$ cat final02.cif   # mmCIF, C-alpha atoms
data_structure
#
loop_
_atom_site.label_atom_id
_atom_site.label_comp_id
_atom_site.auth_asym_id
_atom_site.auth_seq_id
_atom_site.Cartn_x
_atom_site.Cartn_y
_atom_site.Cartn_z
CA MET A 1 -35.71 87.72 11.87
CA SER A 2 -39.08 89.46 11.58
CA HIS A 3 -38.70 89.55 7.83
CA SER A 4 -39.46 85.85 7.59
CA THR A 5 -42.82 85.96 9.35
CA GLY A 6 -44.62 88.22 6.87
CA GLN A 7 -47.17 86.50 4.65
CA PHE A 8 -47.88 89.52 2.54
CA ARG A 9 -48.59 88.83 -1.13
CA VAL A 10 -48.41 91.27 -4.01
CA LEU A 11 -49.45 91.64 -7.62
CA LEU A 12 -46.68 91.63 -10.20
CA THR A 13 -46.91 93.46 -13.49
CA VAL A 14 -44.62 92.91 -16.40
CA ASP A 15 -43.91 96.02 -18.48
CA CYS A 16 -42.25 95.76 -21.87
CA LEU A 17 -40.05 98.43 -23.37
CA VAL A 18 -39.72 97.83 -27.09
CA PHE A 19 -36.86 99.79 -28.65
CA GLY A 20 -36.69 100.12 -32.43
CA PHE A 21 -34.49 102.07 -34.86
CA GLU A 22 -36.27 103.59 -37.82
CA LYS A 23 -35.41 106.40 -40.24
CA ASN A 24 -32.18 106.96 -38.34
CA GLU A 25 -33.95 107.48 -35.03
CA LEU A 26 -34.26 105.46 -31.84
CA LYS A 27 -37.88 104.92 -30.83
CA LEU A 28 -39.92 103.34 -28.05
CA LEU A 29 -43.34 101.70 -28.41
CA LEU A 30 -46.11 102.91 -26.07
CA VAL A 31 -49.87 102.39 -25.70
CA PRO A 32 -52.51 104.94 -24.67
CA ASN A 33 -53.35 104.59 -20.99
CA GLU A 34 -56.80 103.20 -20.30
CA GLY A 35 -58.89 103.71 -17.20
CA ASP A 36 -56.86 104.35 -14.08
CA GLY A 37 -57.54 108.01 -13.63
CA GLU A 38 -54.74 109.47 -15.74
CA PRO A 39 -56.48 110.16 -19.07
CA GLY A 40 -54.40 111.32 -22.00
CA LYS A 41 -51.20 109.75 -20.70
CA TRP A 42 -49.22 106.93 -22.27
CA SER A 43 -48.14 103.67 -20.81
CA LEU A 44 -45.66 100.86 -21.34
CA ILE A 45 -47.08 97.72 -22.87
CA GLY A 46 -47.76 95.29 -20.04
CA GLY A 47 -49.87 92.87 -18.06
CA PHE A 48 -49.97 90.78 -14.89
CA LEU A 49 -47.79 87.77 -14.15
CA GLN A 50 -49.73 84.55 -14.64
CA GLU A 51 -49.61 81.60 -12.28
CA ALA A 52 -47.94 79.08 -14.58
CA GLU A 53 -45.45 81.49 -16.14
CA SER A 54 -42.07 82.87 -15.22
CA LEU A 55 -41.70 86.63 -15.61
CA ASP A 56 -39.65 86.01 -18.76
CA GLU A 57 -42.43 83.92 -20.29
CA THR A 58 -45.04 86.56 -19.52
CA ALA A 59 -42.85 89.24 -21.08
CA ILE A 60 -42.23 87.21 -24.24
CA CYS A 61 -45.94 86.48 -24.55
CA ILE A 62 -46.85 90.18 -24.24
CA LEU A 63 -44.20 91.15 -26.79
CA GLU A 64 -45.42 88.60 -29.30
CA LYS A 65 -49.04 89.71 -28.99
CA VAL A 66 -48.28 93.33 -29.72
CA THR A 67 -45.41 93.07 -32.20
CA GLY A 68 -45.60 89.57 -33.70
CA LEU A 69 -41.97 89.02 -32.69
CA LYS A 70 -40.75 86.12 -30.62
CA GLU A 71 -37.02 85.66 -30.50
CA VAL A 72 -35.44 89.02 -29.89
CA TYR A 73 -32.78 90.32 -27.56
CA MET A 74 -34.29 90.96 -24.10
CA GLU A 75 -33.18 91.91 -20.60
CA SER A 76 -35.13 92.36 -17.40
CA LEU A 77 -34.64 95.43 -15.24
CA LYS A 78 -34.49 95.85 -11.51
CA PRO A 79 -37.93 95.89 -9.86
CA PHE A 80 -40.00 98.98 -9.16
CA SER A 81 -41.49 98.58 -5.70
CA ASN A 82 -42.22 101.92 -4.09
CA PRO A 83 -45.41 101.39 -1.97
CA LYS A 84 -46.64 104.71 -3.39
CA ARG A 85 -46.27 103.93 -7.09
CA GLY A 86 -49.71 105.40 -7.69
CA LEU A 87 -51.60 102.16 -8.24
CA SER A 88 -54.74 101.10 -6.35
CA GLU A 89 -53.25 97.89 -4.88
CA ARG A 90 -49.66 97.16 -3.90
CA THR A 91 -48.06 96.13 -7.17
CA ILE A 92 -44.43 95.44 -7.98
CA GLY A 93 -43.39 96.32 -11.51
CA ILE A 94 -40.89 94.23 -13.41
CA ALA A 95 -39.80 95.72 -16.69
CA TYR A 96 -38.08 94.19 -19.70
CA PHE A 97 -36.47 95.84 -22.65
CA PHE A 98 -36.43 94.35 -26.13
CA LEU A 99 -34.29 95.40 -29.08
CA VAL A 100 -36.26 94.81 -32.27
CA ASN A 101 -35.48 94.90 -35.95
CA PHE A 102 -38.00 97.34 -37.42
CA ASN A 103 -38.46 95.38 -40.66
CA ARG A 104 -39.55 92.22 -38.89
CA LEU A 105 -42.40 93.82 -36.90
CA ASP A 106 -46.07 92.96 -37.43
CA HIS A 107 -47.26 96.53 -37.98
CA GLN A 108 -50.89 95.36 -38.16
CA ALA A 109 -50.71 93.89 -34.65
CA ILE A 110 -49.15 97.11 -33.40
CA LYS A 111 -52.03 99.09 -34.91
CA ARG A 112 -54.64 96.74 -33.42
CA HIS A 113 -53.19 97.45 -29.96
CA LYS A 114 -53.22 101.21 -30.66
CA ALA A 115 -49.52 101.23 -29.92
CA LYS A 116 -47.40 104.12 -31.23
CA TRP A 117 -43.70 104.84 -31.64
CA PHE A 118 -42.18 107.79 -29.82
CA LEU A 119 -38.75 109.30 -30.21
CA ILE A 120 -36.55 108.54 -27.22
CA ASN A 121 -35.94 112.22 -26.55
CA GLN A 122 -39.57 113.22 -27.10
CA MET A 123 -41.50 111.02 -24.69
CA PRO A 124 -45.13 111.99 -23.97
CA ALA A 125 -46.61 112.27 -20.45
CA MET A 126 -46.61 108.76 -18.94
CA VAL A 127 -48.65 107.11 -16.17
CA ALA A 128 -47.40 106.32 -12.67
CA ASP A 129 -43.61 105.80 -12.63
CA HIS A 130 -43.30 104.67 -16.26
CA ARG A 131 -41.07 107.58 -17.17
CA GLU A 132 -38.66 106.49 -14.43
CA ILE A 133 -38.75 102.95 -15.83
CA VAL A 134 -37.80 104.28 -19.28
CA ASN A 135 -34.81 106.16 -17.85
CA SER A 136 -33.72 103.10 -15.96
CA ALA A 137 -33.98 100.93 -19.10
CA ILE A 138 -31.83 103.35 -21.12
CA GLU A 139 -29.20 103.37 -18.37
CA GLN A 140 -29.12 99.54 -18.34
CA LEU A 141 -29.03 99.42 -22.13
CA ARG A 142 -25.89 101.60 -22.08
CA CYS A 143 -24.34 99.28 -19.53
CA SER A 144 -25.07 96.25 -21.70
CA ALA A 145 -23.86 98.02 -24.82
CA ASP A 146 -20.59 98.68 -23.01
CA ARG A 147 -20.01 95.03 -22.24
CA ARG A 148 -21.64 93.27 -25.15
CA LEU A 149 -22.29 94.53 -28.64
CA VAL A 150 -26.07 94.40 -28.28
CA LEU A 151 -26.92 97.46 -30.35
CA PHE A 152 -26.49 95.59 -33.64
CA GLU A 153 -29.83 93.97 -32.74
CA LEU A 154 -31.51 97.24 -33.68
CA LEU A 155 -30.05 97.38 -37.19
CA GLN A 156 -31.13 95.74 -40.43
CA GLU A 157 -29.07 92.98 -41.97
CA GLN A 158 -27.23 95.59 -44.05
CA PHE A 159 -26.30 98.86 -42.39
CA THR A 160 -23.92 101.77 -42.87
CA LEU A 161 -21.34 103.13 -40.44
CA PRO A 162 -23.28 106.42 -40.10
CA GLU A 163 -26.33 104.36 -39.06
CA LEU A 164 -24.29 102.44 -36.50
CA LEU A 165 -22.95 105.73 -35.16
CA THR A 166 -26.46 107.16 -34.89
CA VAL A 167 -27.66 104.14 -32.92
CA TYR A 168 -24.81 104.55 -30.45
CA GLU A 169 -25.28 108.30 -30.19
CA SER A 170 -29.05 107.90 -29.59
CA VAL A 171 -28.56 105.32 -26.85
CA TYR A 172 -25.69 107.08 -25.12
CA GLY A 173 -27.17 110.53 -25.58
CA LYS A 174 -23.85 111.98 -26.67
CA VAL A 175 -21.75 112.69 -29.73
CA PHE A 176 -18.86 110.38 -30.62
CA ASP A 177 -15.83 111.28 -32.69
CA VAL A 178 -16.67 109.81 -36.11
CA ARG A 179 -13.15 108.76 -37.03
CA ASN A 180 -12.37 107.06 -33.72
CA PHE A 181 -15.75 105.38 -33.75
CA ASN A 182 -15.33 103.97 -37.26
CA ARG A 183 -11.74 102.93 -36.63
CA LYS A 184 -12.73 101.05 -33.47
CA PHE A 185 -15.51 99.11 -35.12
CA LEU A 186 -13.59 98.35 -38.29
CA SER A 187 -10.66 97.07 -36.23
CA MET A 188 -12.91 94.52 -34.49
CA GLY A 189 -12.86 92.54 -37.70
CA PHE A 190 -16.45 91.37 -37.93
CA LEU A 191 -17.86 94.11 -40.16
CA LEU A 192 -18.00 92.82 -43.72
CA LYS A 193 -17.92 95.60 -46.30
CA GLN A 194 -20.48 95.17 -49.11
CA THR A 195 -20.15 96.42 -52.66
CA GLU A 196 -23.32 98.55 -52.64
CA LYS A 197 -23.68 101.95 -51.10
CA SER A 198 -26.54 103.68 -49.35
CA TRP A 199 -27.32 107.13 -50.72
CA LEU A 200 -29.72 108.13 -47.96
CA THR A 201 -27.40 110.00 -45.64
CA SER A 202 -24.85 111.74 -47.87
CA LYS A 203 -24.03 112.70 -51.43
CA LYS A 204 -20.86 110.64 -51.34
CA GLY A 205 -22.84 107.61 -50.22
CA ALA A 206 -21.94 105.18 -47.47
CA PHE A 207 -20.96 101.56 -47.98
CA TYR A 208 -23.20 98.92 -46.52
CA TYR A 209 -21.78 96.46 -44.02
CA LYS A 210 -22.95 93.09 -42.76
CA LEU A 211 -21.96 91.27 -39.59
CA ASP A 212 -19.70 88.25 -39.74
CA LYS A 213 -22.09 86.40 -37.45
CA GLU A 214 -19.58 83.88 -36.18
CA LEU A 215 -16.88 86.37 -35.27
CA TYR A 216 -19.54 88.69 -33.89
CA SER A 217 -20.94 86.08 -31.51
CA LEU A 218 -17.43 85.24 -30.32
CA SER A 219 -16.83 88.87 -29.51
CA PHE A 220 -20.22 89.21 -27.91
CA ILE A 221 -19.04 88.74 -24.36
CA ASP A 222 -16.86 91.23 -22.54
CA TYR A 223 -16.07 93.65 -25.32
CA LYS A 224 -16.02 97.30 -24.47
CA VAL A 225 -16.61 99.89 -27.14
CA MET B 1 -55.04 91.30 -23.40
CA SER B 2 -55.42 88.24 -21.17
CA HIS B 3 -52.43 89.35 -19.17
CA SER B 4 -54.45 92.07 -17.51
CA THR B 5 -57.20 89.82 -16.13
CA GLY B 6 -55.02 87.69 -13.83
CA GLN B 7 -55.37 88.41 -10.13
CA PHE B 8 -52.61 86.10 -9.05
CA ARG B 9 -50.57 87.26 -6.06
CA VAL B 10 -47.13 86.09 -5.02
CA LEU B 11 -44.74 86.19 -2.10
CA LEU B 12 -41.60 88.25 -2.54
CA THR B 13 -38.35 87.48 -0.80
CA VAL B 14 -35.44 89.84 -0.55
CA ASP B 15 -32.02 88.17 -0.59
CA CYS B 16 -28.92 90.10 0.36
CA LEU B 17 -25.48 89.39 -1.03
CA VAL B 18 -22.88 91.02 1.19
CA PHE B 19 -19.46 91.24 -0.47
CA GLY B 20 -16.43 92.04 1.66
CA PHE B 21 -12.68 92.16 1.03
CA GLU B 22 -10.49 90.77 3.80
CA LYS B 23 -6.90 89.54 3.93
CA ASN B 24 -6.58 90.20 0.23
CA GLU B 25 -9.58 88.02 -0.66
CA LEU B 26 -13.09 88.69 -1.90
CA LYS B 27 -15.73 87.06 0.31
CA LEU B 28 -19.47 86.61 0.51
CA LEU B 29 -21.56 86.34 3.70
CA LEU B 30 -23.92 83.33 3.98
CA VAL B 31 -26.11 81.77 6.66
CA PRO B 32 -26.79 78.08 7.32
CA ASN B 33 -30.05 76.99 5.77
CA GLU B 34 -32.80 76.21 8.24
CA GLY B 35 -35.77 73.94 7.75
CA ASP B 36 -36.86 73.61 4.13
CA GLY B 37 -35.61 70.15 3.42
CA GLU B 38 -32.09 70.91 2.27
CA PRO B 39 -30.04 70.32 5.44
CA GLY B 40 -26.37 71.19 5.42
CA LYS B 41 -26.71 73.74 2.64
CA TRP B 42 -26.08 77.47 2.89
CA SER B 43 -28.34 80.32 2.00
CA LEU B 44 -28.24 84.03 1.22
CA ILE B 45 -29.33 86.30 4.05
CA GLY B 46 -32.94 87.22 3.43
CA GLY B 47 -36.57 87.65 4.36
CA PHE B 48 -40.02 88.50 3.02
CA LEU B 49 -41.11 91.88 1.72
CA GLN B 50 -43.25 93.69 4.30
CA GLU B 51 -46.42 95.58 3.50
CA ALA B 52 -45.24 99.07 4.35
CA GLU B 53 -41.77 98.76 2.85
CA SER B 54 -40.25 99.08 -0.59
CA LEU B 55 -37.90 96.27 -1.58
CA ASP B 56 -34.96 98.63 -0.97
CA GLU B 57 -36.13 99.34 2.56
CA THR B 58 -36.53 95.65 3.33
CA ALA B 59 -33.04 94.95 1.99
CA ILE B 60 -31.46 97.76 4.03
CA CYS B 61 -33.25 96.55 7.15
CA ILE B 62 -32.02 92.97 6.66
CA LEU B 63 -28.47 94.17 6.04
CA GLU B 64 -28.45 96.30 9.18
CA LYS B 65 -29.73 93.48 11.38
CA VAL B 66 -27.02 91.08 10.32
CA THR B 67 -24.04 93.38 9.80
CA GLY B 68 -24.77 96.55 11.79
CA LEU B 69 -24.18 98.57 8.60
CA LYS B 70 -26.63 101.04 7.18
CA GLU B 71 -25.30 103.28 4.46
CA VAL B 72 -23.35 101.15 2.05
CA TYR B 73 -23.23 100.82 -1.71
CA MET B 74 -26.13 98.65 -2.91
CA GLU B 75 -27.75 97.51 -6.15
CA SER B 76 -30.76 95.32 -6.81
CA LEU B 77 -30.60 92.49 -9.32
CA LYS B 78 -33.06 91.25 -11.85
CA PRO B 79 -35.81 89.07 -10.34
CA PHE B 80 -35.69 85.29 -10.04
CA SER B 81 -39.10 83.99 -10.98
CA ASN B 82 -38.94 80.44 -12.30
CA PRO B 83 -42.18 78.73 -11.13
CA LYS B 84 -40.03 75.73 -10.18
CA ARG B 85 -37.52 77.51 -7.95
CA GLY B 86 -37.89 74.71 -5.41
CA LEU B 87 -39.96 76.59 -2.83
CA SER B 88 -43.28 75.38 -1.43
CA GLU B 89 -45.31 78.41 -2.59
CA ARG B 90 -44.80 80.57 -5.68
CA THR B 91 -42.19 83.06 -4.57
CA ILE B 92 -40.33 85.66 -6.57
CA GLY B 93 -36.81 86.38 -5.38
CA ILE B 94 -35.33 89.86 -5.51
CA ALA B 95 -31.67 90.01 -4.67
CA TYR B 96 -29.45 92.93 -3.68
CA PHE B 97 -25.73 93.14 -3.46
CA PHE B 98 -23.89 95.30 -0.95
CA LEU B 99 -20.22 96.26 -0.97
CA VAL B 100 -19.03 96.59 2.62
CA ASN B 101 -15.91 97.86 4.31
CA PHE B 102 -14.73 94.95 6.45
CA ASN B 103 -13.53 97.17 9.32
CA ARG B 104 -16.92 98.77 9.83
CA LEU B 105 -18.85 95.50 10.30
CA ASP B 106 -20.51 94.49 13.56
CA HIS B 107 -18.84 91.09 13.87
CA GLN B 108 -20.92 90.26 16.99
CA ALA B 109 -24.15 90.67 15.05
CA ILE B 110 -22.78 88.47 12.29
CA LYS B 111 -21.94 85.78 14.85
CA ARG B 112 -25.40 86.01 16.44
CA HIS B 113 -26.93 85.27 13.04
CA LYS B 114 -24.54 82.32 12.54
CA ALA B 115 -23.42 83.99 9.32
CA LYS B 116 -20.06 83.04 7.84
CA TRP B 117 -17.75 84.40 5.15
CA PHE B 118 -16.92 82.27 2.12
CA LEU B 119 -14.35 82.85 -0.57
CA ILE B 120 -15.97 83.82 -3.85
CA ASN B 121 -14.35 80.92 -5.67
CA GLN B 122 -15.05 78.40 -2.91
CA MET B 123 -18.79 78.62 -2.42
CA PRO B 124 -20.45 75.82 -0.41
CA ALA B 125 -23.58 73.93 -1.56
CA MET B 126 -26.46 76.42 -1.60
CA VAL B 127 -30.25 76.04 -1.37
CA ALA B 128 -32.68 76.43 -4.26
CA ASP B 129 -31.29 78.75 -6.97
CA HIS B 130 -29.03 80.79 -4.66
CA ARG B 131 -25.90 79.74 -6.49
CA GLU B 132 -27.40 81.14 -9.70
CA ILE B 133 -28.19 84.39 -7.85
CA VAL B 134 -24.55 84.65 -6.75
CA ASN B 135 -23.33 84.24 -10.35
CA SER B 136 -25.78 86.82 -11.53
CA ALA B 137 -24.67 89.29 -8.83
CA ILE B 138 -21.02 88.90 -9.79
CA GLU B 139 -21.87 89.52 -13.44
CA GLN B 140 -23.77 92.69 -12.53
CA LEU B 141 -20.99 93.82 -10.22
CA ARG B 142 -18.55 93.59 -13.13
CA CYS B 143 -20.90 95.63 -15.27
CA SER B 144 -21.15 98.32 -12.59
CA ALA B 145 -17.42 98.28 -12.01
CA ASP B 146 -16.97 98.90 -15.73
CA ARG B 147 -19.11 102.00 -15.70
CA ARG B 148 -18.59 103.39 -12.23
CA LEU B 149 -15.66 102.90 -9.93
CA VAL B 150 -17.67 101.04 -7.31
CA LEU B 151 -14.97 98.62 -6.17
CA PHE B 152 -13.29 101.24 -3.97
CA GLU B 153 -16.25 100.66 -1.64
CA LEU B 154 -14.67 97.35 -0.66
CA LEU B 155 -11.34 98.88 0.41
CA GLN B 156 -10.26 100.52 3.65
CA GLU B 157 -9.59 104.25 3.79
CA GLN B 158 -5.92 103.56 3.01
CA PHE B 159 -5.09 100.92 0.46
CA THR B 160 -2.22 99.83 -1.75
CA LEU B 161 -2.18 99.38 -5.51
CA PRO B 162 -1.63 95.60 -5.13
CA GLU B 163 -4.80 95.48 -2.99
CA LEU B 164 -6.74 97.43 -5.61
CA LEU B 165 -5.49 95.05 -8.29
CA THR B 166 -6.53 92.02 -6.21
CA VAL B 167 -10.04 93.40 -5.76
CA TYR B 168 -10.37 93.86 -9.53
CA GLU B 169 -8.90 90.46 -10.29
CA SER B 170 -11.21 88.74 -7.79
CA VAL B 171 -14.33 90.41 -9.15
CA TYR B 172 -13.45 89.95 -12.83
CA GLY B 173 -12.02 86.49 -12.32
CA LYS B 174 -9.01 87.25 -14.51
CA VAL B 175 -5.46 88.52 -14.34
CA PHE B 176 -4.68 92.09 -15.36
CA ASP B 177 -1.36 93.42 -16.53
CA VAL B 178 0.06 95.09 -13.39
CA ARG B 179 1.78 97.97 -15.18
CA ASN B 180 -1.17 98.91 -17.35
CA PHE B 181 -3.51 98.60 -14.41
CA ASN B 182 -1.44 100.88 -12.17
CA ARG B 183 -0.83 103.37 -14.96
CA LYS B 184 -4.55 103.59 -15.69
CA PHE B 185 -5.54 104.24 -12.10
CA LEU B 186 -2.72 106.65 -11.37
CA SER B 187 -3.57 108.65 -14.47
CA MET B 188 -7.15 109.16 -13.24
CA GLY B 189 -5.77 111.66 -10.79
CA PHE B 190 -7.78 110.88 -7.68
CA LEU B 191 -5.38 108.50 -5.95
CA LEU B 192 -3.45 110.42 -3.30
CA LYS B 193 -0.10 108.83 -2.48
CA GLN B 194 0.60 108.63 1.26
CA THR B 195 4.02 108.68 2.92
CA GLU B 196 3.65 105.32 4.70
CA LYS B 197 4.07 101.95 3.12
CA SER B 198 2.39 98.61 3.72
CA TRP B 199 4.80 95.71 4.23
CA LEU B 200 2.19 92.99 4.04
CA THR B 201 2.45 92.03 0.41
CA SER B 202 6.10 92.46 -0.57
CA LYS B 203 9.59 93.00 0.80
CA LYS B 204 9.90 96.27 -1.08
CA GLY B 205 6.66 97.46 0.51
CA ALA B 206 3.78 99.22 -1.26
CA PHE B 207 2.77 102.81 -0.71
CA TYR B 208 -0.63 103.50 0.71
CA TYR B 209 -3.09 105.59 -1.26
CA LYS B 210 -6.25 107.44 -0.30
CA LEU B 211 -9.05 108.62 -2.54
CA ASP B 212 -9.45 112.28 -3.36
CA LYS B 213 -13.17 112.03 -2.53
CA GLU B 214 -14.24 115.06 -4.53
CA LEU B 215 -12.45 114.10 -7.74
CA TYR B 216 -13.49 110.49 -7.23
CA SER B 217 -17.18 111.34 -7.00
CA LEU B 218 -16.91 113.48 -10.14
CA SER B 219 -15.44 110.56 -12.01
CA PHE B 220 -17.99 108.14 -10.57
CA ILE B 221 -20.28 108.20 -13.55
CA ASP B 222 -19.37 106.76 -16.92
CA TYR B 223 -15.76 105.89 -16.38
CA LYS B 224 -14.49 102.68 -17.86
CA VAL B 225 -11.47 100.92 -16.44
#
$ encode --input "final02.cif" --output "structure tokens"
Amino acid sequence: MSHSTGQFRVLLTVDCLVFGFEKNELKLLLVPNEGDGEPGKWSLIGGFLQEAESLDETAICILEKVTGLKEVYMESLKPFSNPKRGLSERTIGIAYFFLVNFNRLDHQAIKRHKAKWFLINQMPAMVADHREIVNSAIEQLRCSADRRLVLFELLQEQFTLPELLTVYESVYGKVFDVRNFNRKFLSMGFLLKQTEKSWLTSKKGAFYYKLDKELYSLSFIDYKV
Amino acid sequence: MSHSTGQFRVLLTVDCLVFGFEKNELKLLLVPNEGDGEPGKWSLIGGFLQEAESLDETAICILEKVTGLKEVYMESLKPFSNPKRGLSERTIGIAYFFLVNFNRLDHQAIKRHKAKWFLINQMPAMVADHREIVNSAIEQLRCSADRRLVLFELLQEQFTLPELLTVYESVYGKVFDVRNFNRKFLSMGFLLKQTEKSWLTSKKGAFYYKLDKELYSLSFIDYKV
């Protein structure tokens, strides 16, 4: 068929969406846009695919440069390929999302790259189709959270049930019933109650929990919340 | 960062996974591999991205050529980009899956392209990383089926509950409890019981159902089975 005769080559960019959870809020890391005619807008952290690298390798390399992190939960998204994406040459965009633990970040590296955190529901104006990429990443993150318990990746080693609830509510963009939510997670059996309480969110305090890592990894596949 | 100086361009192929449901079995359409040193193996239907097209457009065009179908449910997968994919030049593979209604296919066109249907659990030897692409498509299909009721796309206008169950069991690769399964779907309220029965699957017969299209499309988003 005619589709096998084309010898048309394209540039590939890798865009990284770094999601973090800090002060009870879900945030995304962006950099100021530089020099493609859309001043004042923000952009995903990214770069071009290199010859010797897979897309995954390029993404991991970009993440490490900006955040200092290496081994974090990542997923690639479907490609963005509209011929009119608003870039000077035909470029296909491949995006990845990463779920990072806020405490482990290299905040100096982030500063050096002029990167800034934005609240998920207060995104600034973004270049080209980056806003569309963000929406698509959130949709895929929900899908993954449905099937695997990936959202724990955003939490610290010790966390409270209200924090867990907030992560879920931020990602899904809706309010869950607190009692049902807590009951569901406690019944899964891998939340280990600690003796200390957090006093940040309520006067009564909220017990800290840790993950039973072994049970958690067993339940990682095919569990719907 | 160094990732923005590269001016490396690649070829992009679009590979189409066409899933169909016939005679109570889930099948995938493949073509015999031609001329890249892996004789006797089978390949996904595909071609190169063209200059004026988005990846979606290329995929739709390829699908139409081989199956005669145009407007069917489709999703793109994450890219396949390993530098050692076993192709002579660096090529990134973008795959799409389509869910087709077997009755609407142009079987002449399929024959002309020497394409053949294979049972999902009896795949032949496949070129390069195509087997990996198939696995990845099935995983994504499950994820979509979890969140949206996409599997109805594989059924005829009239279908029985045993057929619906078989579609789910084929895609998920596991056995569901018949009673719970039927109860769940009947309680959703968009299955319209018909007066006729099918006598294909049991002596007792099984009533046909149709979708209440309006209610079904309302429940399309965010419904977990």
$ atom_distance --input "final02.cif" --atom1 "CA of Leu149 in chain B" --atom2 "CA of Gln194 in chain B"
20.6 Å
$ resolve_selection --input "final02.cif" --expression "the PyMOL selection byres ((chain B and resi 126) around 12)" --output "number ranges by chain"
B: 30-34, 38-45, 118, 122-125, 127-134
$ residues_around --input "final02.cif" --residues "Phe97 in chain A" --least-positions-apart "6" --cutoff "9 Å" --atoms "all atoms listed in the file" --output "ChimeraX atom specification"
/A:15-19,73-77,137-138,141
$ resolve_selection --input "final02.cif" --expression "the PyMOL selection byres ((chain B and resi 199-202) around 12)" --output "number ranges by chain"
B: 23-24, 159-163, 166, 196-198, 203-208
$ write_last_selection --input "final02.cif" --atoms "C-alpha atoms" --output "PDB file, keeping the file's coordinate frame"
ATOM      1  CA  LYS B  23      -6.900  89.540   3.930  1.00  0.00           C
ATOM      2  CA  ASN B  24      -6.580  90.200   0.230  1.00  0.00           C
ATOM      3  CA  PHE B 159      -5.090 100.920   0.460  1.00  0.00           C
ATOM      4  CA  THR B 160      -2.220  99.830  -1.750  1.00  0.00           C
ATOM      5  CA  LEU B 161      -2.180  99.380  -5.510  1.00  0.00           C
ATOM      6  CA  PRO B 162      -1.630  95.600  -5.130  1.00  0.00           C
ATOM      7  CA  GLU B 163      -4.800  95.480  -2.990  1.00  0.00           C
ATOM      8  CA  THR B 166      -6.530  92.020  -6.210  1.00  0.00           C
ATOM      9  CA  GLU B 196       3.650 105.320   4.700  1.00  0.00           C
ATOM     10  CA  LYS B 197       4.070 101.950   3.120  1.00  0.00           C
ATOM     11  CA  SER B 198       2.390  98.610   3.720  1.00  0.00           C
ATOM     12  CA  LYS B 203       9.590  93.000   0.800  1.00  0.00           C
ATOM     13  CA  LYS B 204       9.900  96.270  -1.080  1.00  0.00           C
ATOM     14  CA  GLY B 205       6.660  97.460   0.510  1.00  0.00           C
ATOM     15  CA  ALA B 206       3.780  99.220  -1.260  1.00  0.00           C
ATOM     16  CA  PHE B 207       2.770 102.810  -0.710  1.00  0.00           C
ATOM     17  CA  TYR B 208      -0.630 103.500   0.710  1.00  0.00           C
TER      18      TYR B 208
END
$ atom_distance --input "final02.cif" --atom1 "CA of Lys111 in chain A" --atom2 "CA of Leu28 in chain A"
14.6 Å
$ atom_distance --input "final02.cif" --atom1 "CA of Ser170 in chain A" --atom2 "CA of Thr195 in chain A"
27.3 Å
$ residues_around --input "final02.cif" --residues "Leu155 in chain A" --least-positions-apart "4" --cutoff "9 Å" --atoms "only C-alpha atoms" --output "short mmCIF file (atom, residue, chain, number, x, y, z; two decimals) with C-alpha atoms, in the coordinates of the input"
data_model
loop_
_atom_site.label_atom_id
_atom_site.label_comp_id
_atom_site.auth_asym_id
_atom_site.auth_seq_id
_atom_site.Cartn_x
_atom_site.Cartn_y
_atom_site.Cartn_z
CA GLY A 20 -36.69 100.12 -32.43
CA PHE A 21 -34.49 102.07 -34.86
CA GLU A 22 -36.27 103.59 -37.82
CA VAL A 100 -36.26 94.81 -32.27
CA ASN A 101 -35.48 94.90 -35.95
CA PHE A 102 -38.00 97.34 -37.42
CA LEU A 151 -26.92 97.46 -30.35
CA PHE A 159 -26.30 98.86 -42.39
CA GLU A 163 -26.33 104.36 -39.06
CA LEU A 164 -24.29 102.44 -36.50
CA VAL A 167 -27.66 104.14 -32.92
#
$ resolve_selection --input "final02.cif" --expression "the PyMOL selection byres ((chain A and resi 181) around 10)" --output "PyMOL selection string"
chain A and resi 161-162+164-165+168+176-180+182-186+225
